[in-house]
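For reference, model.cif (mmCIF, C-alpha atoms):
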```cif
data_structure
#
loop_
_atom_site.label_atom_id
_atom_site.label_comp_id
_atom_site.auth_asym_id
_atom_site.auth_seq_id
_atom_site.Cartn_x
_atom_site.Cartn_y
_atom_site.Cartn_z
CA MET A 1 0.65 27.54 7.12
CA TYR A 2 1.29 29.46 3.91
CA ARG A 3 0.77 33.18 3.56
CA ALA A 4 -0.50 34.26 0.18
CA ARG A 5 0.80 37.49 -1.27
CA SER A 6 -1.28 39.52 -3.66
CA ARG A 7 -0.24 41.96 -6.37
CA PRO A 8 -2.34 44.29 -8.54
CA LEU A 9 -4.16 42.63 -11.41
CA PHE A 10 -3.65 44.14 -14.85
CA ALA A 11 -6.71 43.67 -17.06
CA ALA A 12 -6.24 41.31 -19.98
CA SER A 13 -9.58 40.06 -21.20
CA LEU A 14 -8.84 39.28 -24.84
CA TRP A 15 -7.35 36.10 -26.20
CA ALA A 16 -4.95 38.16 -28.29
CA LEU A 17 -3.43 39.55 -25.11
CA LEU A 18 -2.60 36.16 -23.60
CA CYS A 19 1.14 36.92 -23.36
CA ILE A 20 1.84 36.62 -19.69
CA CYS A 21 4.63 34.11 -19.16
CA ASN A 22 7.66 35.85 -17.66
CA VAL A 23 10.34 33.98 -19.55
CA GLY A 24 13.59 35.82 -20.03
CA PRO A 25 14.89 36.20 -23.60
CA SER A 26 17.84 33.84 -22.98
CA ARG A 27 15.68 31.08 -21.53
CA ALA A 28 13.08 31.39 -24.29
CA ALA A 29 15.84 31.18 -26.89
CA ASP A 30 17.05 27.90 -25.37
CA ILE A 31 13.65 26.22 -25.73
CA PRO A 32 12.87 25.05 -29.26
CA ALA A 33 9.52 25.79 -30.85
CA PRO A 34 7.36 22.93 -32.15
CA SER A 35 8.26 21.88 -35.68
CA SER A 36 5.93 22.84 -38.51
CA ASP A 37 5.92 19.26 -39.79
CA GLY A 38 4.93 17.99 -36.34
CA LEU A 39 2.12 20.50 -36.08
CA ALA A 40 0.90 19.47 -39.52
CA ARG A 41 0.64 15.88 -38.25
CA ILE A 42 -1.65 17.07 -35.44
CA THR A 43 -3.85 18.77 -38.03
CA ALA A 44 -3.95 15.65 -40.20
CA PHE A 45 -4.85 13.46 -37.22
CA PHE A 46 -7.85 15.51 -36.12
CA ASP A 47 -8.98 16.17 -39.69
CA ASN A 48 -9.16 12.40 -40.13
CA GLU A 49 -10.99 11.87 -36.81
CA VAL A 50 -13.71 14.27 -37.95
CA LYS A 51 -13.78 13.08 -41.55
CA THR A 52 -14.24 9.44 -40.52
CA GLY A 53 -17.03 10.32 -38.08
CA LYS A 54 -15.20 9.34 -34.90
CA LEU A 55 -15.45 12.87 -33.51
CA PRO A 56 -17.94 15.68 -34.11
CA GLY A 57 -15.10 18.13 -33.51
CA ALA A 58 -12.36 19.37 -31.21
CA VAL A 59 -10.34 22.46 -30.36
CA ILE A 60 -6.59 22.17 -29.79
CA LEU A 61 -4.05 24.56 -28.28
CA ILE A 62 -0.30 24.41 -27.83
CA GLN A 63 0.99 27.50 -26.10
CA GLN A 64 4.63 28.38 -25.51
CA HIS A 65 6.04 31.37 -23.62
CA GLY A 66 2.48 32.54 -23.04
CA ARG A 67 1.60 32.69 -26.74
CA PRO A 68 -0.31 30.25 -28.95
CA VAL A 69 1.97 28.41 -31.37
CA TYR A 70 -0.84 26.10 -32.49
CA LEU A 71 -4.54 26.90 -32.23
CA LYS A 72 -7.05 25.04 -34.40
CA SER A 73 -10.71 24.16 -34.37
CA PHE A 74 -11.93 20.99 -36.06
CA GLY A 75 -15.40 19.91 -37.14
CA VAL A 76 -18.59 21.03 -35.46
CA GLN A 77 -19.72 21.51 -31.89
CA ASP A 78 -23.01 19.71 -32.56
CA VAL A 79 -23.76 17.49 -35.56
CA ARG A 80 -27.44 18.41 -35.28
CA THR A 81 -26.79 22.08 -35.96
CA GLY A 82 -23.52 21.99 -37.87
CA THR A 83 -22.19 24.96 -35.89
CA PRO A 84 -18.41 25.05 -36.34
CA MET A 85 -16.12 24.50 -33.37
CA SER A 86 -14.26 27.55 -32.07
CA PRO A 87 -12.10 28.60 -29.09
CA GLU A 88 -15.32 29.99 -27.58
CA THR A 89 -17.24 26.72 -27.81
CA ILE A 90 -18.34 25.65 -24.31
CA PHE A 91 -17.40 22.13 -23.17
CA ALA A 92 -18.41 20.04 -20.19
CA LEU A 93 -15.05 19.72 -18.44
CA HIS A 94 -16.02 16.75 -16.28
CA SER A 95 -12.92 15.88 -14.19
CA MET A 96 -10.89 18.82 -15.48
CA THR A 97 -12.99 20.66 -12.89
CA LYS A 98 -10.93 19.04 -10.13
CA PRO A 99 -7.73 21.10 -10.57
CA ILE A 100 -9.75 24.32 -10.32
CA THR A 101 -11.51 23.20 -7.13
CA SER A 102 -8.16 22.12 -5.71
CA VAL A 103 -6.64 25.54 -6.38
CA ALA A 104 -9.64 27.12 -4.63
CA ALA A 105 -9.02 24.93 -1.57
CA MET A 106 -5.28 25.70 -1.63
CA MET A 107 -6.14 29.40 -1.47
CA LEU A 108 -7.91 28.80 1.85
CA ILE A 109 -4.98 26.74 3.10
CA ASP A 110 -2.62 29.51 2.01
CA GLU A 111 -4.62 31.98 4.09
CA GLY A 112 -4.67 29.78 7.19
CA ARG A 113 -8.44 29.27 7.02
CA LEU A 114 -8.11 25.56 6.25
CA ALA A 115 -5.43 22.99 7.12
CA LEU A 116 -4.48 19.81 5.31
CA SER A 117 -4.56 17.97 8.65
CA ASP A 118 -8.10 19.12 9.50
CA PRO A 119 -10.63 16.30 9.75
CA VAL A 120 -13.42 16.73 7.24
CA SER A 121 -15.86 16.37 10.16
CA LYS A 122 -14.73 19.78 11.40
CA TYR A 123 -16.69 21.28 8.48
CA ILE A 124 -19.15 18.46 7.71
CA PRO A 125 -20.00 16.87 11.09
CA SER A 126 -21.60 13.77 9.55
CA PHE A 127 -18.14 12.53 8.56
CA ALA A 128 -17.44 11.86 12.24
CA PHE A 129 -19.65 8.78 11.92
CA THR A 130 -18.31 7.41 8.62
CA LYS A 131 -17.23 3.77 8.68
CA VAL A 132 -14.94 1.67 6.50
CA GLY A 133 -16.39 -1.29 4.61
CA LEU A 134 -14.44 -4.52 5.05
CA GLU A 135 -15.43 -7.46 2.90
CA ARG A 136 -14.95 -10.94 4.35
CA THR A 137 -15.76 -14.49 3.33
CA ARG A 138 -18.33 -16.32 5.46
CA PRO A 139 -17.85 -19.98 6.47
CA ASP A 140 -20.32 -20.99 3.76
CA GLY A 141 -18.22 -19.25 1.13
CA GLY A 142 -20.51 -16.26 0.76
CA LEU A 143 -19.37 -12.68 1.17
CA ALA A 144 -20.28 -10.38 4.02
CA LEU A 145 -19.52 -6.73 4.71
CA ASP A 146 -18.34 -5.56 8.10
CA MET A 147 -18.28 -1.91 9.11
CA VAL A 148 -15.20 -0.87 11.07
CA ALA A 149 -13.98 2.43 12.43
CA PRO A 150 -11.40 4.34 10.36
CA VAL A 151 -7.86 4.23 11.74
CA HIS A 152 -7.88 8.01 11.48
CA PRO A 153 -10.53 10.49 10.37
CA VAL A 154 -10.79 11.48 6.72
CA THR A 155 -8.74 14.67 6.41
CA ILE A 156 -8.60 17.54 3.96
CA ARG A 157 -5.30 16.07 2.74
CA ASP A 158 -7.13 12.82 1.97
CA LEU A 159 -9.75 14.68 -0.05
CA MET A 160 -7.11 16.59 -2.02
CA ARG A 161 -4.94 13.60 -2.91
CA HIS A 162 -7.78 11.04 -3.35
CA THR A 163 -6.85 8.90 -0.37
CA SER A 164 -10.13 9.39 1.52
CA GLY A 165 -11.65 6.01 0.70
CA ILE A 166 -14.52 7.80 -1.05
CA SER A 167 -15.20 6.13 -4.40
CA TYR A 168 -17.27 6.46 -7.54
CA ASP A 169 -20.05 3.96 -8.14
CA TYR A 170 -18.18 2.35 -11.04
CA ILE A 171 -14.79 1.91 -9.31
CA GLY A 172 -13.72 -0.80 -6.88
CA GLY A 173 -15.14 -4.10 -5.70
CA LYS A 174 -18.69 -5.26 -6.33
CA TRP A 175 -19.75 -4.29 -2.84
CA VAL A 176 -18.53 -0.72 -3.38
CA GLU A 177 -20.44 -0.39 -6.63
CA GLN A 178 -23.55 -1.89 -5.05
CA ALA A 179 -23.40 0.31 -1.95
CA TYR A 180 -23.20 3.46 -4.05
CA LYS A 181 -26.01 2.38 -6.35
CA ASP A 182 -28.25 1.30 -3.49
CA ALA A 183 -27.79 4.71 -1.83
CA ASN A 184 -29.31 6.54 -4.85
CA ILE A 185 -27.00 9.49 -4.23
CA PHE A 186 -28.22 11.25 -7.39
CA GLU A 187 -31.93 10.92 -6.59
CA GLY A 188 -34.11 14.04 -6.54
CA ARG A 189 -32.82 17.57 -6.18
CA PHE A 190 -29.76 18.34 -4.10
CA ASP A 191 -27.02 20.90 -3.63
CA ASN A 192 -23.44 20.51 -2.40
CA LYS A 193 -24.54 20.41 1.23
CA GLU A 194 -26.99 17.56 0.69
CA PHE A 195 -24.63 15.67 -1.59
CA ALA A 196 -21.84 15.74 1.00
CA GLU A 197 -24.29 14.36 3.56
CA ARG A 198 -25.16 11.49 1.23
CA ILE A 199 -21.48 10.66 0.71
CA ALA A 200 -20.84 10.77 4.48
CA ARG A 201 -23.45 8.04 4.99
CA LEU A 202 -21.65 5.65 2.62
CA PRO A 203 -18.93 3.25 3.77
CA LEU A 204 -15.37 4.12 2.79
CA ALA A 205 -13.85 1.68 0.31
CA ARG A 206 -10.49 1.65 2.13
CA GLN A 207 -8.92 3.00 5.29
CA PRO A 208 -8.17 6.73 4.81
CA GLY A 209 -4.65 7.48 3.66
CA THR A 210 -3.88 3.98 2.34
CA LEU A 211 -4.92 3.89 -1.35
CA TRP A 212 -5.23 6.34 -4.24
CA ARG A 213 -8.86 5.88 -5.21
CA TYR A 214 -10.74 8.11 -7.62
CA GLY A 215 -14.13 9.26 -6.43
CA HIS A 216 -16.27 12.06 -5.04
CA SER A 217 -13.53 13.44 -2.77
CA THR A 218 -13.33 16.71 -4.70
CA ASP A 219 -17.11 17.11 -4.54
CA VAL A 220 -16.87 16.95 -0.76
CA LEU A 221 -13.96 19.40 -0.90
CA GLY A 222 -16.24 21.81 -2.77
CA ARG A 223 -18.68 21.72 0.14
CA VAL A 224 -15.85 22.40 2.60
CA ILE A 225 -14.98 25.50 0.59
CA GLU A 226 -18.60 26.65 0.88
CA VAL A 227 -18.68 26.13 4.66
CA ILE A 228 -15.49 28.12 5.22
CA SER A 229 -16.19 30.92 2.75
CA GLY A 230 -19.91 31.31 3.42
CA GLN A 231 -20.42 31.39 -0.38
CA THR A 232 -21.58 28.91 -2.97
CA LEU A 233 -18.71 27.12 -4.65
CA TYR A 234 -19.34 29.03 -7.89
CA SER A 235 -19.44 32.39 -6.12
CA PHE A 236 -16.11 31.68 -4.45
CA MET A 237 -14.52 30.48 -7.69
CA LYS A 238 -15.89 33.45 -9.61
CA GLN A 239 -14.60 35.97 -7.09
CA ARG A 240 -11.20 34.39 -6.48
CA ILE A 241 -10.34 32.64 -9.77
CA PHE A 242 -12.64 33.28 -12.73
CA ASP A 243 -13.04 37.04 -12.59
CA PRO A 244 -9.37 37.81 -11.85
CA LEU A 245 -8.22 35.45 -14.61
CA GLY A 246 -10.79 36.74 -17.10
CA MET A 247 -12.51 33.33 -17.38
CA THR A 248 -15.82 34.86 -18.43
CA SER A 249 -17.43 31.69 -19.82
CA THR A 250 -16.63 29.23 -17.00
CA LYS A 251 -19.60 28.27 -14.81
CA PHE A 252 -21.70 25.37 -13.59
CA LEU A 253 -24.92 26.36 -15.32
CA LEU A 254 -25.70 27.98 -18.66
CA LYS A 255 -28.65 30.36 -18.55
CA THR A 256 -28.86 32.34 -21.79
CA PRO A 257 -29.77 31.13 -25.31
CA GLU A 258 -26.44 32.51 -26.52
CA GLU A 259 -24.52 30.34 -24.05
CA LEU A 260 -26.57 27.25 -24.83
CA ALA A 261 -25.93 27.74 -28.55
CA ARG A 262 -22.17 27.53 -27.90
CA MET A 263 -22.35 24.15 -26.12
CA ALA A 264 -20.42 21.21 -27.58
CA ARG A 265 -22.32 17.93 -27.63
CA PRO A 266 -21.15 14.34 -28.20
CA LEU A 267 -22.21 12.23 -31.14
CA PRO A 268 -25.78 10.86 -30.89
CA SER A 269 -24.29 7.37 -30.45
CA ASP A 270 -22.24 8.35 -27.37
CA MET A 271 -24.91 7.42 -24.84
CA ILE A 272 -22.68 7.56 -21.75
CA LEU A 273 -21.94 11.24 -22.27
CA LEU A 274 -25.48 12.01 -23.37
CA ASP A 275 -26.76 10.42 -20.17
CA ALA A 276 -24.21 12.42 -18.17
CA GLU A 277 -25.47 15.58 -19.85
CA GLN A 278 -29.03 14.77 -18.85
CA ASP A 279 -27.93 14.09 -15.27
CA ARG A 280 -26.20 17.46 -15.15
CA LEU A 281 -29.25 19.28 -16.48
CA ALA A 282 -31.50 17.45 -14.00
CA HIS A 283 -29.47 18.77 -11.03
CA PRO A 284 -28.93 22.50 -11.61
CA GLU A 285 -28.43 23.16 -7.88
CA TRP A 286 -25.47 20.79 -7.66
CA GLU A 287 -22.18 22.61 -8.23
CA SER A 288 -19.97 19.55 -8.53
CA GLY A 289 -16.41 20.45 -7.59
CA GLY A 290 -15.32 17.12 -9.01
CA GLY A 291 -16.84 17.37 -12.46
CA GLY A 292 -19.49 20.04 -12.98
CA LEU A 293 -17.80 23.02 -14.62
CA LEU A 294 -18.38 24.15 -18.19
CA SER A 295 -15.68 26.17 -19.92
CA THR A 296 -13.98 27.17 -23.16
CA LEU A 297 -10.51 26.73 -24.57
CA ASN A 298 -9.81 30.42 -24.15
CA ASP A 299 -10.81 30.32 -20.48
CA TYR A 300 -8.99 27.13 -19.55
CA ALA A 301 -5.84 28.35 -21.27
CA ARG A 302 -5.71 31.20 -18.78
CA PHE A 303 -6.02 28.82 -15.85
CA ALA A 304 -3.36 26.51 -17.28
CA GLN A 305 -1.01 29.40 -17.99
CA MET A 306 -1.41 30.56 -14.39
CA LEU A 307 -0.21 27.11 -13.29
CA LEU A 308 2.69 27.21 -15.74
CA SER A 309 3.70 30.60 -14.36
CA GLY A 310 3.86 29.25 -10.80
CA ALA A 311 0.36 30.39 -9.74
CA GLU A 312 0.80 33.89 -11.13
CA PHE A 313 -0.99 35.60 -14.02
CA ASP A 314 -0.71 39.16 -15.29
CA GLY A 315 1.02 40.30 -12.11
CA LYS A 316 -1.46 38.74 -9.68
CA ARG A 317 -0.35 35.87 -7.46
CA TYR A 318 -3.00 33.24 -6.76
CA LEU A 319 -0.98 30.99 -4.42
CA SER A 320 2.20 31.63 -2.49
CA PRO A 321 5.31 29.93 -3.91
CA ALA A 322 5.34 27.52 -0.95
CA ALA A 323 1.69 26.54 -1.43
CA PHE A 324 2.13 26.09 -5.17
CA LYS A 325 5.21 23.94 -4.66
CA ASP A 326 3.33 21.75 -2.18
CA MET A 327 0.38 21.41 -4.54
CA THR A 328 2.58 20.36 -7.48
CA THR A 329 4.82 17.94 -5.54
CA ASP A 330 4.06 14.21 -5.47
CA GLN A 331 2.18 13.49 -2.23
CA ILE A 332 1.66 9.75 -2.67
CA GLY A 333 5.16 8.51 -3.52
CA PRO A 334 7.59 6.33 -1.56
CA GLY A 335 7.21 6.74 2.18
CA SER A 336 3.67 8.13 1.94
CA GLY A 337 2.02 4.81 2.78
CA VAL A 338 -0.31 5.16 -0.22
CA ASP A 339 -0.85 2.16 -2.51
CA ARG A 340 -1.95 2.12 -6.14
CA ASP A 341 -4.16 -0.34 -7.98
CA TYR A 342 -5.76 -0.91 -11.37
CA PHE A 343 -7.77 2.31 -10.97
CA TYR A 344 -4.68 4.53 -10.59
CA PHE A 345 -5.53 7.08 -13.26
CA PRO A 346 -2.49 9.44 -13.12
CA GLY A 347 -0.73 6.75 -15.13
CA ASP A 348 2.73 5.34 -15.67
CA GLY A 349 5.49 7.61 -14.43
CA PHE A 350 3.16 9.98 -12.59
CA GLY A 351 2.64 10.70 -8.93
CA TYR A 352 -0.12 12.94 -7.62
CA GLY A 353 -0.02 16.27 -5.83
CA TYR A 354 -3.07 18.11 -4.55
CA GLY A 355 -5.45 17.96 -7.53
CA LEU A 356 -2.90 17.34 -10.30
CA ALA A 357 -0.88 14.43 -11.67
CA VAL A 358 2.86 15.14 -11.43
CA ARG A 359 5.48 13.43 -13.62
CA THR A 360 8.07 11.91 -11.28
CA ASP A 361 9.94 9.35 -13.38
CA PRO A 362 10.09 7.75 -16.82
CA GLY A 363 7.76 4.94 -15.75
CA ASN A 364 7.80 1.25 -16.59
CA ALA A 365 6.85 1.31 -20.27
CA LYS A 366 9.55 0.84 -22.91
CA PRO A 367 9.92 3.39 -24.37
CA PRO A 368 8.61 5.69 -21.62
CA PRO A 369 5.46 7.68 -22.29
CA PRO A 370 6.24 11.14 -23.71
CA GLY A 371 6.59 14.14 -21.42
CA SER A 372 8.92 15.87 -19.00
CA LEU A 373 9.78 15.38 -15.35
CA GLY A 374 7.69 17.80 -13.30
CA GLU A 375 4.95 17.93 -15.97
CA LEU A 376 1.45 18.56 -14.58
CA LYS A 377 -1.69 17.20 -16.20
CA TRP A 378 -5.25 16.00 -15.85
CA ASP A 379 -7.96 14.76 -18.18
CA SER A 380 -11.57 13.62 -18.01
CA GLY A 381 -14.10 11.01 -19.01
CA SER A 382 -15.33 13.25 -21.82
CA GLY A 383 -11.95 13.31 -23.58
CA THR A 384 -10.76 16.70 -22.39
CA LEU A 385 -7.07 16.94 -21.48
CA PHE A 386 -4.59 19.59 -20.42
CA GLY A 387 -0.92 19.57 -19.51
CA VAL A 388 1.65 22.03 -18.20
CA ASP A 389 5.29 21.36 -19.13
CA ARG A 390 7.63 23.69 -17.30
CA LYS A 391 10.77 22.41 -19.05
CA LEU A 392 9.36 23.37 -22.45
CA ASP A 393 7.46 26.38 -21.04
CA MET A 394 4.38 24.91 -22.68
CA VAL A 395 0.67 24.42 -22.14
CA TYR A 396 -1.27 21.91 -24.23
CA ILE A 397 -5.06 21.56 -24.21
CA MET A 398 -7.45 19.29 -26.07
CA LEU A 399 -11.18 19.83 -25.70
CA GLU A 400 -13.60 17.34 -27.24
CA GLN A 401 -16.69 15.44 -26.15
CA THR A 402 -16.24 11.71 -26.59
CA GLN A 403 -16.31 8.88 -24.12
CA SER A 404 -15.99 6.06 -26.61
CA GLU A 405 -12.86 7.35 -28.38
CA ARG A 406 -11.00 9.13 -25.60
CA GLY A 407 -8.93 6.12 -24.54
CA ARG A 408 -7.38 6.04 -28.01
CA ILE A 409 -7.23 9.75 -28.79
CA THR A 410 -5.75 11.02 -25.51
CA PRO A 411 -2.41 9.15 -25.70
CA ALA A 412 -2.23 9.70 -29.45
CA PHE A 413 -2.63 13.46 -29.03
CA LYS A 414 -0.01 13.68 -26.31
CA ALA A 415 2.45 11.70 -28.43
CA LEU A 416 1.78 14.04 -31.36
CA VAL A 417 2.42 17.10 -29.18
CA TYR A 418 5.80 15.85 -27.99
CA ASP A 419 6.74 14.58 -31.45
CA THR A 420 6.85 18.22 -32.54
CA PHE A 421 10.03 18.63 -30.45
CA PRO A 422 13.54 17.17 -30.92
CA ALA A 423 13.93 13.56 -29.81
CA GLU A 424 16.01 14.42 -26.75
CA LEU A 425 13.14 16.55 -25.36
CA ARG A 426 10.28 14.12 -25.98
CA ARG A 427 10.76 11.88 -22.94
CA PRO A 428 11.94 12.21 -19.34
#
```
Let me see the structure of the file written as structure tokens.
Amino acid sequence: MYRARSRPLFAASLWALLCICNVGPSRAADIPAPSSDGLARITAFFDNEVKTGKLPGAVILIQQHGRPVYLKSFGVQDVRTGTPMSPETIFALHSMTKPITSVAAMMLIDEGRLALSDPVSKYIPSFAFTKVGLERTRPDGGLALDMVAPVHPVTIRDLMRHTSGISYDYIGGKWVEQAYKDANIFEGRFDNKEFAERIARLPLARQPGTLWRYGHSTDVLGRVIEVISGQTLYSFMKQRIFDPLGMTSTKFLLKTPEELARMARPLPSDMILLDAEQDRLAHPEWESGGGGLLSTLNDYARFAQMLLSGAEFDGKRYLSPAAFKDMTTDQIGPGSGVDRDYFYFPGDGFGYGYGLAVRTDPGNAKPPPPGSLGELKWDSGSGTLFGVDRKLDMVYIMLEQTQSERGRITPAFKALVYDTFPAELRRP
């Protein structure tokens, strides 16, 4: 059990005061700044994406030693209105919500109110009856689905490292996809409590603890946080993370015309994201810990900088050093018993901690993907991406709203970021 220590919080609500990384002068002097030519290539890349109509716009940040060294807004936040992008434009974070929810859960673990080994059924009793789906071939060649007991209960650790067997409806075998669709888990109105109940009734795609499988695990974790804290997920996050960090524009639901006017929207042709936006608006009671937060570049930069600083920001500690180390250490590597398959989204060279991908090795690609050992990152289906590179004392963030172009832009952006540094620092 970790014991969190807390220090006084010094107010720092303005972007201009985001200078909080405690890097000594000698260490800072040893770390090169991004090259001006490299930064110009980032500008040219996104200028072209907007000019050629592939993106409505984007906002980009590279931050070193707690200060922005590159901050640019490109294009517009909505082609219908022509409103320019800015660091205060509000984006649907989608899966970049997961690291925030995971930090919230680690706070409870740090305080001894939650344990990684706890069965989820301790907080959501319906999970005591969850079964594992096992597909088999019948004598006639057809497929059948057997329901078997889990070898061990789904635990909090399983939720936090995506080894619960809980899936998304578009990931896994045909029977998994069909089971999720048949269950109509998004039907009608529901909150986190009801959604967790719906997930508990579904079969697990694999035995808990055996496979990294992306899915609604972090949504269920959000409900666990509510049960323990006695608060809604947003209320807990606001009290423990958003308000102390000064993340004034991060929430699950926009209520004022001023907020709505700052919302970034995908291109009219990007129907997957437009449909996702309609789903979000149709379920205002659902505070999805796995993908529901809305935020700005300015806000998320504070959260990312807190991670870069070892879970500390402006003198306030959010997680104990031991808890932060555990969270940012690979939990699914050799000896863990966890397999990986085609849907292993952390990517080549990355393991996974509790809510974050962690760079563990160069990977199999030749040359290796850019980055540093120990680098933390996550991205989303809407094209948002952030990374924390402790070797370079750097945060990088890209916020955009595109499903159709993200598979191309995300690796291109990361390569451009690391190409601003000397060759010996670009790869593990």
* Structure fact -> A:Pro428 proximity check over A:Asp379, A:Asp361, A:Glu285, A:Asp118, using all atoms listed in the file: winner is A:Asp361
* Asked: If you apply the PyMOL selection byres ((chain A and resi 346) around 9) to this file, what residues do you get, as an MDAnalysis selection string?
  -> chainID A and resid 344:345 347:352 356:359 377:378
* **Spatial neighbours of stretch 104-111 of chain A, 12 Å, only C-alpha atoms, chain gap at least 5 places, as a PyMOL selection string** => chain A and resi 1-6+97-99+116-118+156-157+159-160+218-229+233-242+289+303+311+317-328+353-355
Print the selection's residues with C-alpha atoms to a file, as a PDB file, in the frame of the given file.
```pdb
ATOM      1  CA  MET A   1       0.650  27.540   7.120  1.00  0.00           C
ATOM      2  CA  TYR A   2       1.290  29.460   3.910  1.00  0.00           C
ATOM      3  CA  ARG A   3       0.770  33.180   3.560  1.00  0.00           C
ATOM      4  CA  ALA A   4      -0.500  34.260   0.180  1.00  0.00           C
ATOM      5  CA  ARG A   5       0.800  37.490  -1.270  1.00  0.00           C
ATOM      6  CA  SER A   6      -1.280  39.520  -3.660  1.00  0.00           C
ATOM      7  CA  THR A  97     -12.990  20.660 -12.890  1.00  0.00           C
ATOM      8  CA  LYS A  98     -10.930  19.040 -10.130  1.00  0.00           C
ATOM      9  CA  PRO A  99      -7.730  21.100 -10.570  1.00  0.00           C
ATOM     10  CA  LEU A 116      -4.480  19.810   5.310  1.00  0.00           C
ATOM     11  CA  SER A 117      -4.560  17.970   8.650  1.00  0.00           C
ATOM     12  CA  ASP A 118      -8.100  19.120   9.500  1.00  0.00           C
ATOM     13  CA  ILE A 156      -8.600  17.540   3.960  1.00  0.00           C
ATOM     14  CA  ARG A 157      -5.300  16.070   2.740  1.00  0.00           C
ATOM     15  CA  LEU A 159      -9.750  14.680  -0.050  1.00  0.00           C
ATOM     16  CA  MET A 160      -7.110  16.590  -2.020  1.00  0.00           C
ATOM     17  CA  THR A 218     -13.330  16.710  -4.700  1.00  0.00           C
ATOM     18  CA  ASP A 219     -17.110  17.110  -4.540  1.00  0.00           C
ATOM     19  CA  VAL A 220     -16.870  16.950  -0.760  1.00  0.00           C
ATOM     20  CA  LEU A 221     -13.960  19.400  -0.900  1.00  0.00           C
ATOM     21  CA  GLY A 222     -16.240  21.810  -2.770  1.00  0.00           C
ATOM     22  CA  ARG A 223     -18.680  21.720   0.140  1.00  0.00           C
ATOM     23  CA  VAL A 224     -15.850  22.400   2.600  1.00  0.00           C
ATOM     24  CA  ILE A 225     -14.980  25.500   0.590  1.00  0.00           C
ATOM     25  CA  GLU A 226     -18.600  26.650   0.880  1.00  0.00           C
ATOM     26  CA  VAL A 227     -18.680  26.130   4.660  1.00  0.00           C
ATOM     27  CA  ILE A 228     -15.490  28.120   5.220  1.00  0.00           C
ATOM     28  CA  SER A 229     -16.190  30.920   2.750  1.00  0.00           C
ATOM     29  CA  LEU A 233     -18.710  27.120  -4.650  1.00  0.00           C
ATOM     30  CA  TYR A 234     -19.340  29.030  -7.890  1.00  0.00           C
ATOM     31  CA  SER A 235     -19.440  32.390  -6.120  1.00  0.00           C
ATOM     32  CA  PHE A 236     -16.110  31.680  -4.450  1.00  0.00           C
ATOM     33  CA  MET A 237     -14.520  30.480  -7.690  1.00  0.00           C
ATOM     34  CA  LYS A 238     -15.890  33.450  -9.610  1.00  0.00           C
ATOM     35  CA  GLN A 239     -14.600  35.970  -7.090  1.00  0.00           C
ATOM     36  CA  ARG A 240     -11.200  34.390  -6.480  1.00  0.00           C
ATOM     37  CA  ILE A 241     -10.340  32.640  -9.770  1.00  0.00           C
ATOM     38  CA  PHE A 242     -12.640  33.280 -12.730  1.00  0.00           C
ATOM     39  CA  GLY A 289     -16.410  20.450  -7.590  1.00  0.00           C
ATOM     40  CA  PHE A 303      -6.020  28.820 -15.850  1.00  0.00           C
ATOM     41  CA  ALA A 311       0.360  30.390  -9.740  1.00  0.00           C
ATOM     42  CA  ARG A 317      -0.350  35.870  -7.460  1.00  0.00           C
ATOM     43  CA  TYR A 318      -3.000  33.240  -6.760  1.00  0.00           C
ATOM     44  CA  LEU A 319      -0.980  30.990  -4.420  1.00  0.00           C
ATOM     45  CA  SER A 320       2.200  31.630  -2.490  1.00  0.00           C
ATOM     46  CA  PRO A 321       5.310  29.930  -3.910  1.00  0.00           C
ATOM     47  CA  ALA A 322       5.340  27.520  -0.950  1.00  0.00           C
ATOM     48  CA  ALA A 323       1.690  26.540  -1.430  1.00  0.00           C
ATOM     49  CA  PHE A 324       2.130  26.090  -5.170  1.00  0.00           C
ATOM     50  CA  LYS A 325       5.210  23.940  -4.660  1.00  0.00           C
ATOM     51  CA  ASP A 326       3.330  21.750  -2.180  1.00  0.00           C
ATOM     52  CA  MET A 327       0.380  21.410  -4.540  1.00  0.00           C
ATOM     53  CA  THR A 328       2.580  20.360  -7.480  1.00  0.00           C
ATOM     54  CA  GLY A 353      -0.020  16.270  -5.830  1.00  0.00           C
ATOM     55  CA  TYR A 354      -3.070  18.110  -4.550  1.00  0.00           C
ATOM     56  CA  GLY A 355      -5.450  17.960  -7.530  1.00  0.00           C
TER      57      GLY A 355
END
```
* **Residue contacts of stretch 70-76 of chain A (8 Å, all atoms listed in the file) excluding same-chain residues fewer than 6 positions away, as a PyMOL selection string** => chain A and resi 39+43+46-47+50+55-63+82-87
* Asked: Nearest to A:Pro266 among A:His162, A:Lys51, A:Lys316, A:Arg406, with distances taken over only C-alpha atoms: which residue is it?
  ->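 Among A:His162, A:Lys51, A:Lys316, A:Arg406, it is A:Arg406 that comes nearest to A:Pro266.
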* **Close residues, A:Phe91 itself excluded, 8 Å, all atoms listed in the file, min 2 positions apart in chain, as a list in words** =>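 Those residues are Thr89, Leu93, Met263, Ala264, Arg265, Leu294, Ser295, Thr296, Leu399, Glu400 and Gln401 of chain A.
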Just the selected residues (C-alpha atoms), exported as a tab-separated table (two decimals), in the frame of the given file, please.
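Result file result_38.tsv:
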```tsv
chain	number	residue	atom	x	y	z
A	89	THR	CA	-17.24	26.72	-27.81
A	93	LEU	CA	-15.05	19.72	-18.44
A	263	MET	CA	-22.35	24.15	-26.12
A	264	ALA	CA	-20.42	21.21	-27.58
A	265	ARG	CA	-22.32	17.93	-27.63
A	294	LEU	CA	-18.38	24.15	-18.19
A	295	SER	CA	-15.68	26.17	-19.92
A	296	THR	CA	-13.98	27.17	-23.16
A	399	LEU	CA	-11.18	19.83	-25.70
A	400	GLU	CA	-13.60	17.34	-27.24
A	401	GLN	CA	-16.69	15.44	-26.15
```
